[in-house]
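Colleague: Just query.csv, nothing more (CSV, C-alpha atoms and all ligand atoms):
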chain,number,residue,atom,x,y,z
A,5,MET,CA,-14.7,9.8,7.2
A,6,GLY,CA,-14.9,6.3,5.9
A,7,TRP,CA,-16.5,4.2,3.2
A,8,TYR,CA,-18.1,1.9,5.7
A,9,ALA,CA,-19.3,4.4,8.3
A,10,PRO,CA,-18.7,7.9,7.0
A,11,ASP,CA,-19.8,9.8,10.1
A,12,ALA,CA,-18.4,7.4,12.7
A,13,ALA,CA,-16.3,8.7,15.5
A,14,GLN,CA,-12.8,7.3,15.2
A,15,GLY,CA,-11.8,7.5,18.9
A,16,TYR,CA,-10.7,4.0,19.9
A,17,PHE,CA,-9.3,3.0,16.5
A,18,GLN,CA,-7.5,6.2,15.9
A,19,GLN,CA,-5.6,6.2,19.2
A,20,LEU,CA,-4.6,2.5,18.7
A,21,PRO,CA,-0.9,2.6,17.6
A,22,LYS,CA,-0.9,1.0,14.2
A,23,VAL,CA,1.4,-0.3,11.4
A,24,ASP,CA,0.7,0.0,7.7
A,25,LEU,CA,2.7,-2.2,5.4
A,26,HIS,CA,0.8,-1.7,2.2
A,27,ARG,CA,0.1,1.9,1.2
A,28,HIS,CA,0.7,3.4,-2.3
A,29,LEU,CA,2.0,7.0,-2.3
A,30,GLU,CA,0.1,7.6,-5.6
A,31,GLY,CA,-3.1,6.5,-3.9
A,32,THR,CA,-2.6,8.7,-0.9
A,33,LEU,CA,-2.7,12.2,-2.2
A,34,ARG,CA,-4.9,14.8,-0.5
A,35,VAL,CA,-7.6,16.1,-2.9
A,36,ASN,CA,-7.2,19.6,-1.6
A,37,THR,CA,-3.6,19.5,-2.6
A,38,LEU,CA,-4.6,18.2,-6.0
A,39,VAL,CA,-7.0,21.2,-6.5
A,40,GLU,CA,-4.2,23.6,-5.5
A,41,ILE,CA,-1.8,21.9,-8.0
A,42,ALA,CA,-4.4,21.9,-10.7
A,43,HIS,CA,-4.8,25.7,-10.3
A,44,GLN,CA,-1.0,26.4,-10.1
A,45,GLN,CA,0.0,24.2,-13.0
A,46,SER,CA,-3.0,25.0,-15.2
A,47,ILE,CA,-3.8,21.3,-15.5
A,48,THR,CA,-6.7,20.9,-17.8
A,49,LEU,CA,-8.9,18.9,-15.5
A,50,PRO,CA,-12.0,19.6,-13.6
A,51,VAL,CA,-10.7,21.9,-11.0
A,52,SER,CA,-13.7,22.1,-8.7
A,53,ALA,CA,-13.1,19.9,-5.7
A,54,ASP,CA,-16.3,17.9,-6.4
A,55,ALA,CA,-15.4,17.1,-10.0
A,56,LEU,CA,-11.9,16.2,-9.0
A,57,HIS,CA,-13.1,13.9,-6.2
A,58,ALA,CA,-15.1,11.9,-8.8
A,59,GLN,CA,-12.0,11.5,-11.0
A,60,VAL,CA,-9.6,10.4,-8.4
A,61,GLN,CA,-11.7,8.6,-5.8
A,62,ILE,CA,-14.1,5.6,-6.0
A,63,GLN,CA,-17.7,6.8,-6.1
A,64,PRO,CA,-20.5,4.6,-4.7
A,65,ASP,CA,-22.4,4.8,-8.0
A,66,GLU,CA,-19.7,3.6,-10.3
A,67,PRO,CA,-18.8,0.0,-11.2
A,68,LEU,CA,-16.6,-1.5,-8.6
A,69,ASN,CA,-13.9,-3.3,-10.7
A,70,SER,CA,-10.2,-3.2,-11.3
A,71,THR,CA,-10.4,-1.2,-14.5
A,72,VAL,CA,-12.2,1.7,-12.8
A,73,PHE,CA,-9.9,1.4,-9.8
A,74,LEU,CA,-6.7,1.5,-11.8
A,75,SER,CA,-8.1,4.4,-14.0
A,76,LYS,CA,-7.8,6.7,-11.0
A,77,PHE,CA,-4.0,6.4,-11.1
A,78,GLN,CA,-4.0,7.5,-14.7
A,79,THR,CA,-5.6,10.8,-13.8
A,80,LEU,CA,-3.3,11.2,-10.9
A,81,ARG,CA,-0.2,10.9,-13.0
A,82,GLN,CA,-0.9,14.3,-14.5
A,83,PHE,CA,-0.2,16.0,-11.2
A,84,TYR,CA,3.4,15.1,-10.7
A,85,GLN,CA,4.6,18.2,-12.4
A,86,THR,CA,7.6,19.4,-10.3
A,87,PRO,CA,10.2,18.1,-7.8
A,88,GLU,CA,8.5,20.2,-5.2
A,89,ILE,CA,5.1,18.6,-5.8
A,90,ILE,CA,6.6,15.1,-5.5
A,91,ALA,CA,8.3,16.1,-2.3
A,92,ARG,CA,5.1,17.7,-1.0
A,93,VAL,CA,2.8,14.7,-1.6
A,94,THR,CA,5.4,12.4,0.0
A,95,ARG,CA,5.6,14.6,3.0
A,96,GLU,CA,1.8,14.9,3.3
A,97,ALA,CA,1.4,11.1,3.0
A,98,ILE,CA,3.6,10.7,6.0
A,99,GLU,CA,2.0,13.5,8.0
A,100,ASP,CA,-1.5,12.0,7.3
A,101,ALA,CA,-0.4,8.6,8.4
A,102,ARG,CA,1.0,10.0,11.7
A,103,THR,CA,-2.2,11.9,12.3
A,104,ASP,CA,-4.1,8.7,11.9
A,105,GLY,CA,-2.1,7.0,14.7
A,106,VAL,CA,0.3,5.0,12.4
A,107,ARG,CA,3.6,4.3,14.3
A,108,TYR,CA,5.4,2.6,11.5
A,109,LEU,CA,4.8,3.0,7.8
A,110,GLU,CA,6.0,1.2,4.7
A,111,LEU,CA,5.1,3.6,1.9
A,112,ARG,CA,5.4,2.2,-1.7
A,113,PHE,CA,5.8,4.4,-4.8
A,114,THR,CA,5.9,3.8,-8.5
A,115,PRO,CA,8.9,5.7,-10.0
A,116,LEU,CA,7.6,5.5,-13.5
A,117,ALA,CA,4.2,7.0,-12.5
A,118,LEU,CA,6.0,10.0,-10.9
A,119,ALA,CA,8.5,10.5,-13.7
A,120,ARG,CA,6.4,10.1,-16.9
A,121,VAL,CA,4.3,13.2,-17.3
A,122,ARG,CA,7.3,15.6,-17.2
A,123,GLY,CA,9.9,13.2,-18.4
A,124,PHE,CA,11.9,13.2,-15.2
A,125,SER,CA,14.5,10.5,-14.9
A,126,LEU,CA,13.6,7.5,-12.7
A,127,SER,CA,16.7,8.2,-10.6
A,128,GLU,CA,15.8,11.8,-9.8
A,129,VAL,CA,12.2,11.0,-8.8
A,130,MET,CA,13.5,8.2,-6.5
A,131,ASP,CA,15.9,10.7,-4.9
A,132,TRP,CA,13.2,13.2,-4.3
A,133,VAL,CA,10.9,10.7,-2.7
A,134,CYS,CA,13.8,9.3,-0.5
A,135,GLU,CA,14.8,12.7,0.6
A,136,SER,CA,11.4,14.0,1.4
A,137,ALA,CA,10.4,10.8,3.2
A,138,ALA,CA,13.5,10.9,5.4
A,139,THR,CA,12.8,14.5,6.4
A,140,ALA,CA,9.1,14.0,7.0
A,141,SER,CA,9.8,10.8,8.9
A,142,ARG,CA,12.0,12.9,11.3
A,143,ASP,CA,9.6,15.9,11.4
A,144,PHE,CA,6.5,13.8,12.1
A,145,ASP,CA,8.3,11.2,14.3
A,146,LEU,CA,7.0,8.4,12.1
A,147,PRO,CA,9.6,5.7,11.2
A,148,THR,CA,9.1,5.1,7.5
A,149,ARG,CA,10.6,2.7,5.0
A,150,LEU,CA,10.1,2.8,1.2
A,151,ILE,CA,9.0,0.1,-1.2
A,152,VAL,CA,9.5,0.6,-4.9
A,153,SER,CA,6.7,-0.7,-7.1
A,154,VAL,CA,6.8,-1.7,-10.8
A,155,ASN,CA,3.6,-2.5,-12.7
A,156,ARG,CA,3.0,-5.8,-14.5
A,157,HIS,CA,1.2,-3.9,-17.3
A,158,GLU,CA,4.4,-1.8,-18.0
A,159,SER,CA,7.7,-2.9,-19.4
A,160,VAL,CA,10.3,-5.3,-18.0
A,161,GLU,CA,13.0,-2.9,-19.1
A,162,ILE,CA,11.6,-0.2,-16.9
A,163,ALA,CA,11.3,-2.7,-14.0
A,164,THR,CA,14.9,-3.7,-14.5
A,165,GLN,CA,16.1,-0.1,-14.3
A,166,VAL,CA,13.9,0.7,-11.3
A,167,ALA,CA,15.2,-2.4,-9.5
A,168,GLU,CA,18.8,-1.4,-10.1
A,169,LEU,CA,18.2,2.1,-8.9
A,170,ALA,CA,16.4,0.7,-5.8
A,171,LEU,CA,19.4,-1.5,-5.0
A,172,GLN,CA,21.6,1.6,-5.1
A,173,ARG,CA,19.3,3.3,-2.5
A,174,MET,CA,19.1,0.7,0.2
A,175,GLU,CA,21.0,3.1,2.5
A,176,ARG,CA,18.3,5.7,1.9
A,177,GLY,CA,15.3,3.9,3.2
A,178,ILE,CA,14.3,1.6,0.3
A,179,VAL,CA,13.7,-1.9,1.6
A,180,ALA,CA,11.8,-3.8,-1.0
A,181,LEU,CA,10.6,-4.2,-4.6
A,182,ASP,CA,6.8,-4.7,-5.3
A,183,LEU,CA,5.0,-6.1,-8.3
A,184,ALA,CA,1.8,-4.2,-8.7
A,185,GLY,CA,-0.6,-3.3,-11.6
A,186,ASN,CA,-3.1,-5.2,-13.7
A,187,GLU,CA,-3.1,-8.7,-12.4
A,188,ALA,CA,-6.3,-9.6,-14.4
A,189,ASP,CA,-4.6,-9.3,-17.8
A,190,PHE,CA,-0.8,-9.5,-17.2
A,191,CYS,CA,1.4,-12.4,-16.0
A,192,ALA,CA,4.1,-12.0,-13.4
A,193,LEU,CA,6.6,-14.4,-14.9
A,194,PRO,CA,8.3,-11.9,-17.3
A,195,PHE,CA,9.4,-10.0,-14.2
A,196,LEU,CA,10.9,-13.1,-12.4
A,197,GLU,CA,14.6,-12.3,-13.2
A,198,VAL,CA,14.2,-8.7,-12.1
A,199,PHE,CA,12.8,-9.9,-8.7
A,200,GLN,CA,15.4,-12.6,-8.3
A,201,ALA,CA,18.2,-10.0,-8.9
A,202,ALA,CA,16.6,-7.6,-6.4
A,203,HIS,CA,16.4,-10.4,-3.8
A,204,ARG,CA,20.0,-11.4,-4.4
A,205,GLY,CA,21.0,-7.8,-3.9
A,206,GLY,CA,19.3,-7.7,-0.5
A,207,LEU,CA,15.9,-6.1,-1.2
A,208,LYS,CA,12.8,-7.8,0.1
A,209,VAL,CA,10.1,-8.8,-2.3
A,210,THR,CA,6.4,-8.4,-2.2
A,211,VAL,CA,4.0,-9.3,-5.0
A,212,HIS,CA,0.4,-8.2,-5.6
A,213,ALA,CA,-1.2,-11.6,-6.2
A,214,GLY,CA,-4.5,-13.3,-5.6
A,215,GLU,CA,-6.3,-10.0,-5.9
A,216,TRP,CA,-7.6,-9.8,-9.5
A,217,GLY,CA,-6.1,-13.1,-10.3
A,218,GLY,CA,-6.8,-16.6,-8.8
A,219,PRO,CA,-5.0,-18.6,-6.1
A,220,GLY,CA,-2.5,-20.0,-8.7
A,221,ASN,CA,-0.9,-16.6,-8.6
A,222,VAL,CA,-0.5,-16.8,-4.8
A,223,ARG,CA,1.2,-20.2,-5.3
A,224,GLU,CA,3.4,-18.7,-7.9
A,225,ALA,CA,4.3,-15.7,-5.7
A,226,ILE,CA,5.3,-18.1,-2.8
A,227,GLU,CA,7.0,-20.8,-4.7
A,228,VAL,CA,8.4,-19.2,-7.8
A,229,PHE,CA,9.0,-15.6,-6.7
A,230,GLN,CA,9.9,-16.6,-3.1
A,231,ALA,CA,8.0,-13.5,-2.0
A,232,ASP,CA,8.6,-12.3,1.5
A,233,ARG,CA,5.0,-11.0,1.6
A,234,ILE,CA,1.9,-11.1,-0.7
A,235,GLY,CA,-0.1,-8.0,-1.5
A,236,HIS,CA,-3.7,-8.9,-0.9
A,237,GLY,CA,-3.6,-12.7,-1.7
A,238,VAL,CA,-7.1,-13.1,-0.5
A,239,ARG,CA,-8.2,-15.4,-3.3
A,240,VAL,CA,-5.9,-18.0,-1.6
A,241,MET,CA,-9.1,-19.1,0.1
A,242,GLU,CA,-10.4,-20.5,-3.3
A,243,ASP,CA,-7.8,-23.3,-3.2
A,244,ARG,CA,-7.3,-25.5,-0.1
A,245,ALA,CA,-3.9,-26.7,-1.2
A,246,VAL,CA,-2.6,-23.1,-1.7
A,247,ALA,CA,-4.1,-22.1,1.7
A,248,ALA,CA,-2.3,-25.0,3.3
A,249,LEU,CA,0.9,-24.0,1.7
A,250,ALA,CA,0.6,-20.4,2.9
A,251,ARG,CA,-0.3,-21.7,6.4
A,252,GLU,CA,2.7,-24.0,6.5
A,253,ARG,CA,5.1,-21.2,5.3
A,254,GLN,CA,3.4,-18.6,7.4
A,255,THR,CA,3.3,-16.4,4.3
A,256,VAL,CA,2.4,-12.8,5.2
A,257,PHE,CA,-0.7,-11.4,3.6
A,258,GLU,CA,-1.0,-7.6,3.2
A,259,VAL,CA,-4.8,-7.5,3.4
A,260,CYS,CA,-6.7,-4.3,2.4
A,261,VAL,CA,-10.4,-5.0,2.9
A,262,THR,CA,-12.0,-1.8,1.6
A,263,SER,CA,-9.8,-1.8,-1.5
A,264,ASN,CA,-10.8,-5.3,-2.3
A,265,PHE,CA,-14.5,-4.4,-2.1
A,266,GLN,CA,-14.0,-1.3,-4.2
A,267,SER,CA,-12.0,-3.0,-6.9
A,268,GLY,CA,-14.5,-5.9,-7.2
A,269,VAL,CA,-12.5,-8.7,-5.6
A,270,VAL,CA,-15.4,-9.3,-3.2
A,271,PRO,CA,-19.1,-8.3,-3.8
A,272,THR,CA,-19.6,-6.8,-0.4
A,273,LEU,CA,-17.4,-5.9,2.6
A,274,LYS,CA,-19.0,-8.6,4.6
A,275,ALA,CA,-18.0,-11.2,1.9
A,276,HIS,CA,-14.3,-10.5,2.5
A,277,PRO,CA,-12.5,-13.6,3.6
A,278,ILE,CA,-10.3,-11.9,6.2
A,279,GLN,CA,-12.0,-13.7,9.1
A,280,ARG,CA,-11.8,-17.1,7.3
A,281,MET,CA,-8.1,-16.5,6.6
A,282,LEU,CA,-7.5,-15.9,10.3
A,283,ALA,CA,-9.5,-19.0,11.2
A,284,GLU,CA,-7.4,-21.0,8.8
A,285,GLY,CA,-4.2,-19.9,10.6
A,286,LEU,CA,-2.9,-17.6,7.9
A,287,ASN,CA,-0.5,-14.8,8.7
A,288,VAL,CA,-2.8,-11.7,8.1
A,289,THR,CA,-2.0,-8.0,8.4
A,290,VAL,CA,-4.4,-5.1,7.9
A,291,ASN,CA,-3.5,-2.2,5.6
A,292,THR,CA,-5.0,0.6,3.5
A,293,ASP,CA,-3.6,0.2,-0.1
A,294,ASP,CA,-4.8,3.6,-1.5
A,295,PRO,CA,-6.4,5.6,1.3
A,296,SER,CA,-7.2,8.7,-0.7
A,297,ILE,CA,-8.7,6.8,-3.7
A,298,SER,CA,-10.7,4.7,-1.2
A,299,GLN,CA,-11.5,7.6,1.1
A,300,ILE,CA,-10.4,5.6,4.1
A,301,THR,CA,-7.8,5.7,6.9
A,302,LEU,CA,-6.1,2.7,8.6
A,303,SER,CA,-8.3,3.5,11.6
A,304,ASP,CA,-11.3,2.9,9.3
A,305,GLU,CA,-9.9,-0.5,8.3
A,306,TYR,CA,-9.4,-1.6,11.9
A,307,ARG,CA,-13.0,-0.4,12.6
A,308,VAL,CA,-14.2,-2.6,9.8
A,309,ALA,CA,-12.2,-5.5,11.2
A,310,ALA,CA,-13.9,-5.0,14.5
A,311,GLU,CA,-17.5,-4.1,13.5
A,312,VAL,CA,-18.0,-6.0,10.2
A,313,PHE,CA,-16.0,-9.1,11.1
A,314,GLY,CA,-16.4,-9.1,14.9
A,315,LEU,CA,-12.7,-9.2,15.7
A,316,SER,CA,-12.1,-8.6,19.4
A,317,ARG,CA,-9.8,-5.9,20.7
A,318,ALA,CA,-7.2,-8.5,21.5
A,319,ALA,CA,-7.4,-9.8,18.0
A,320,LEU,CA,-6.9,-6.3,16.6
A,321,THR,CA,-3.8,-5.9,18.9
A,322,GLY,CA,-2.6,-9.2,17.5
A,323,LEU,CA,-2.9,-8.0,14.0
A,324,ILE,CA,-0.9,-4.8,14.8
A,325,LEU,CA,1.9,-6.9,16.3
A,326,ALA,CA,1.7,-9.3,13.4
A,327,ALA,CA,2.3,-6.4,11.0
A,328,ALA,CA,5.3,-5.2,13.1
A,329,ARG,CA,6.8,-8.8,12.9
A,330,ALA,CA,6.2,-8.9,9.2
A,331,SER,CA,7.8,-5.5,8.6
A,332,PHE,CA,10.9,-5.1,6.5
A,333,LEU,CA,12.9,-3.6,9.3
A,334,ASN,CA,16.1,-5.3,10.4
A,335,GLU,CA,15.9,-7.5,13.5
A,336,VAL,CA,17.1,-4.9,16.0
A,337,GLU,CA,14.7,-2.2,14.6
A,338,LYS,CA,11.9,-4.7,14.6
A,339,THR,CA,12.4,-5.7,18.2
A,340,GLY,CA,12.4,-2.0,19.2
A,341,LEU,CA,9.2,-1.4,17.2
A,342,ILE,CA,7.4,-4.4,18.8
A,343,ARG,CA,8.4,-3.3,22.3
A,344,ARG,CA,7.2,0.3,21.7
A,345,LEU,CA,3.9,-0.9,20.2
A,346,ALA,CA,3.3,-3.4,23.0
A,347,GLN,CA,3.9,-0.7,25.7
A,348,GLU,CA,1.7,1.8,23.9
A,349,ILE,CA,-1.1,-0.7,23.4
A,350,ASP,CA,-0.9,-1.7,27.1
A,351,ALA,CA,-1.2,1.9,28.1
A,352,ALA,CA,-4.0,2.6,25.7
A,353,VAL,CA,-6.0,-0.5,26.2
A,354,GLY,CA,-5.4,-0.7,29.9
B,401,LIG,N1,-1.6,-0.2,-7.5
B,401,LIG,C1,-2.3,0.6,-6.6
B,401,LIG,N2,-3.2,-0.1,-6.0
B,401,LIG,C2,-3.2,-1.4,-6.5
B,401,LIG,C3,-3.9,-2.6,-6.3
B,401,LIG,N3,-4.8,-2.6,-5.4
B,401,LIG,N4,-3.5,-3.6,-7.0
B,401,LIG,C4,-2.6,-3.6,-8.0
B,401,LIG,N5,-1.9,-2.5,-8.2
B,401,LIG,C5,-2.2,-1.4,-7.5
B,402,ZN,ZN,-1.6,-2.3,-3.6
Show how you would write the structure in this file as C-alpha cells.
Ligand code: ADE
Ligand code: ZN
Modeller:
Amino acid sequence: MGWYAPDAAQGYFQQLPKVDLHRHLEGTLRVNTLVEIAHQQSITLPVSADALHAQVQIQPDEPLNSTVFLSKFQTLRQFYQTPEIIARVTREAIEDARTDGVRYLELRFTPLALARVRGFSLSEVMDWVCESAATASRDFDLPTRLIVSVNRHESVEIATQVAELALQRMERGIVALDLAGNEADFCALPFLEVFQAAHRGGLKVTVHAGEWGGPGNVREAIEVFQADRIGHGVRVMEDRAVAALARERQTVFEVCVTSNFQSGVVPTLKAHPIQRMLAEGLNVTVNTDDPSISQITLSDEYRVAAEVFGLSRAALTGLILAAARASFLNEVEKTGLIRRLAQEIDAAVG
C-alpha cells in the first residue's frame, strides 16, 4: 500500500534493513486502532473506517497544502484519551516500523498534543511514551530513540517546559529536541533560547526548516540554531549560497519525499529535489514523516527513490548507511548499528 504505487509488491524494499530518523508518533497511528478507540471512548467523530480515513489521512482529491496536512493532527488529538491509549499507539508505531524492516528508529512525539485533550501533565505523557517505547523496543527487537517535538505555532512557555522535561529523561531514551509545526506563518527565533539550553544540556537539535518556508530558514537552522540535523530542508536548493553552506558543513537533511508532495512543498513527486540534493553533495537521508497520514511505509519511500528518481541499489544502501551515521546514537552504539546494517545489507543484496 503506497501513495505512489498502491498495489506494488514491496519485496526488495521491505527486506532492506532500514533506518528512519524522522517519524512523528502522532502521524503514525493505525486507522483500525483509531476506529476501536472512537467506539470505546464514544468520540463524536465519524466512526466508520472510511469516514475516519478521510479525516486523518491525505486524500488524493483534497488540496495538497500545509493547512490541510496539519489539520489531520488536530483531529488526531481527540484520540489521546487514556494512558493506555498513549502506550498502545507508541507500541504499535514501533511494531509497524519493525514489520516494515526498520532496524533503527528515531520516533518523535509532541507532548502537548498527547496531553491536551484530557489535561494530562506534560511529564506524565512523556513518561508513558518513554516506558512504552522501551518495552516495545525490547519486545520487537527494534532499537528506538525518542525525539521530543515542540510546535512553532504553540507557545514558547510550553516549549521551555517540554525541553526541561526532556533533559530530565535523557537516560530514558530521549535524545533530541525538534522544532515542528507551521513554518509558513511562524518564525523559529522566539524558540532559540529553548533550543540553546537543550543543546547545552546534552540534547541534540533538529529543526523543521525549508519545508513550508524558504532557504533562509535552512540557513537560520544551520547558523543560528546550530542544528545537528534539518527536518526536510529541501528548499535549500532555491539558494546556491545556502546549498554551498550545507555542503561544506555536511548538514544532515531528513528528507521525506511523499510528505513534501502531499503538503504542497513540490507540485509532483517527480519535481522533488532529492536527486539534485544528492548530486550537489548534500548529506541526505530518506524518512517517512507521518506514515499513517501519508499512507506510506519507509519501504515505499525507498521504492520511490529507486523508481521515480532512478537511484541505484548501491545508492539506496548508501542512503541507509548515511542515516545510521546521522543518527543520535552515541559513537559506540552507532558503530555497532553501522556494522550490523552493513552485514545484513551484504547478506540481502549478495
Ligand atoms: N508535524 C508533523 N509533520 C510535520 C511536518 N511535515 N512539518 C512540520 N510539522 C509537522
Ligand atoms: Zn516532520
Colleague: Please indicate the distance in Å from atom CA of Ala138 of chain A to atom CA of Ala101 of chain A, rounded to one decimal place.
Modeller: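 Pair atom CA of Ala138 of chain A / atom CA of Ala101 of chain A returns 14.4 Å.
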Colleague: One decimal, Å: what's the distance from atom CA of Ala351 of chain A over to atom CA of Glu99 of chain A, could you say?
Modeller: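 Calculated distance between atom CA of Ala351 of chain A and atom CA of Glu99 of chain A is 23.4 Å.
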Colleague: Would you mind telling me which residue in A:Arg251, A:Arg112, A:His157, A:Arg142 lies nearest to Val209 of chain A when using only C-alpha atoms?
Modeller: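 With only C-alpha atoms as the atom set, the closest residue is A:Arg112.
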Colleague: What's around Arg239 of chain A at 12 Å? Count all atoms listed in the file, leave out sequence neighbours fewer than 3 positions away in its own chain, and write the answer as a VMD selection string.
Modeller: chain A and resid 212 to 223 234 to 236 242 to 244 246 to 247 250 257 259 264 269 to 270 275 to 278 280 to 281
Colleague: In terms of the shortest atom-to-atom distance over only C-alpha atoms and all ligand atoms, which of A:Glu66, A:Asp293, A:Glu40, A:Glu224 is closest to ligand ZN 402 (chain B)?
Modeller: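 That would be A:Asp293, the residue with the smallest distance to ligand ZN 402 (chain B).
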Colleague: Output requested as an mmCIF file, keeping the file's coordinate frame - segment 18-41 of chain A, filled out with N, CA and C atoms.
Modeller:
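Full text of result23.cif as output:
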data_model
loop_
_atom_site.group_PDB
_atom_site.id
_atom_site.type_symbol
_atom_site.label_atom_id
_atom_site.label_comp_id
_atom_site.auth_asym_id
_atom_site.auth_seq_id
_atom_site.Cartn_x
_atom_site.Cartn_y
_atom_site.Cartn_z
ATOM 1 N N GLN A 18 -8.513 5.216 16.222
ATOM 2 C CA GLN A 18 -7.500 6.200 15.900
ATOM 3 C C GLN A 18 -6.353 6.206 16.895
ATOM 4 N N GLN A 19 -6.713 6.071 18.167
ATOM 5 C CA GLN A 19 -5.600 6.200 19.200
ATOM 6 C C GLN A 19 -4.860 4.843 19.287
ATOM 7 N N LEU A 20 -5.360 3.767 18.672
ATOM 8 C CA LEU A 20 -4.600 2.500 18.700
ATOM 9 C C LEU A 20 -3.271 2.796 17.853
ATOM 10 N N PRO A 21 -2.112 2.464 18.390
ATOM 11 C CA PRO A 21 -0.900 2.600 17.600
ATOM 12 C C PRO A 21 -0.828 1.557 16.518
ATOM 13 N N LYS A 22 -0.720 1.977 15.263
ATOM 14 C CA LYS A 22 -0.900 1.000 14.200
ATOM 15 C C LYS A 22 0.324 0.963 13.231
ATOM 16 N N VAL A 23 0.301 -0.054 12.378
ATOM 17 C CA VAL A 23 1.400 -0.300 11.400
ATOM 18 C C VAL A 23 0.744 -0.481 10.043
ATOM 19 N N ASP A 24 1.219 0.246 9.029
ATOM 20 C CA ASP A 24 0.700 0.000 7.700
ATOM 21 C C ASP A 24 1.863 -0.447 6.784
ATOM 22 N N LEU A 25 1.707 -1.641 6.227
ATOM 23 C CA LEU A 25 2.700 -2.200 5.400
ATOM 24 C C LEU A 25 2.433 -2.096 3.894
ATOM 25 N N HIS A 26 1.210 -1.681 3.577
ATOM 26 C CA HIS A 26 0.800 -1.700 2.200
ATOM 27 C C HIS A 26 0.017 -0.377 1.883
ATOM 28 N N ARG A 27 0.727 0.656 1.478
ATOM 29 C CA ARG A 27 0.100 1.900 1.200
ATOM 30 C C ARG A 27 0.851 2.544 -0.015
ATOM 31 N N HIS A 28 0.124 2.825 -1.098
ATOM 32 C CA HIS A 28 0.700 3.400 -2.300
ATOM 33 C C HIS A 28 0.755 4.933 -2.176
ATOM 34 N N LEU A 29 1.913 5.531 -2.345
ATOM 35 C CA LEU A 29 2.000 7.000 -2.300
ATOM 36 C C LEU A 29 1.010 7.598 -3.337
ATOM 37 N N GLU A 30 0.951 7.026 -4.540
ATOM 38 C CA GLU A 30 0.100 7.600 -5.600
ATOM 39 C C GLU A 30 -1.375 7.486 -5.268
ATOM 40 N N GLY A 31 -1.718 6.655 -4.297
ATOM 41 C CA GLY A 31 -3.100 6.500 -3.900
ATOM 42 C C GLY A 31 -3.415 7.194 -2.590
ATOM 43 N N THR A 32 -2.519 8.107 -2.204
ATOM 44 C CA THR A 32 -2.600 8.700 -0.900
ATOM 45 C C THR A 32 -2.702 10.208 -0.903
ATOM 46 N N LEU A 33 -2.813 10.785 -2.104
ATOM 47 C CA LEU A 33 -2.700 12.200 -2.200
ATOM 48 C C LEU A 33 -3.994 12.934 -1.707
ATOM 49 N N ARG A 34 -3.795 14.035 -0.966
ATOM 50 C CA ARG A 34 -4.900 14.800 -0.500
ATOM 51 C C ARG A 34 -5.625 15.500 -1.672
ATOM 52 N N VAL A 35 -6.937 15.431 -1.728
ATOM 53 C CA VAL A 35 -7.600 16.100 -2.900
ATOM 54 C C VAL A 35 -7.458 17.577 -2.832
ATOM 55 N N ASN A 36 -7.420 18.184 -1.641
ATOM 56 C CA ASN A 36 -7.200 19.600 -1.600
ATOM 57 C C ASN A 36 -5.879 20.039 -2.196
ATOM 58 N N THR A 37 -4.881 19.232 -1.965
ATOM 59 C CA THR A 37 -3.600 19.500 -2.600
ATOM 60 C C THR A 37 -3.668 19.397 -4.093
ATOM 61 N N LEU A 38 -4.410 18.410 -4.567
ATOM 62 C CA LEU A 38 -4.600 18.200 -6.000
ATOM 63 C C LEU A 38 -5.253 19.460 -6.636
ATOM 64 N N VAL A 39 -6.263 19.976 -5.942
ATOM 65 C CA VAL A 39 -7.000 21.200 -6.500
ATOM 66 C C VAL A 39 -5.992 22.317 -6.569
ATOM 67 N N GLU A 40 -5.199 22.496 -5.520
ATOM 68 C CA GLU A 40 -4.200 23.600 -5.500
ATOM 69 C C GLU A 40 -3.227 23.403 -6.700
ATOM 70 N N ILE A 41 -2.746 22.177 -6.874
ATOM 71 C CA ILE A 41 -1.800 21.900 -8.000
ATOM 72 C C ILE A 41 -2.428 22.177 -9.311
#
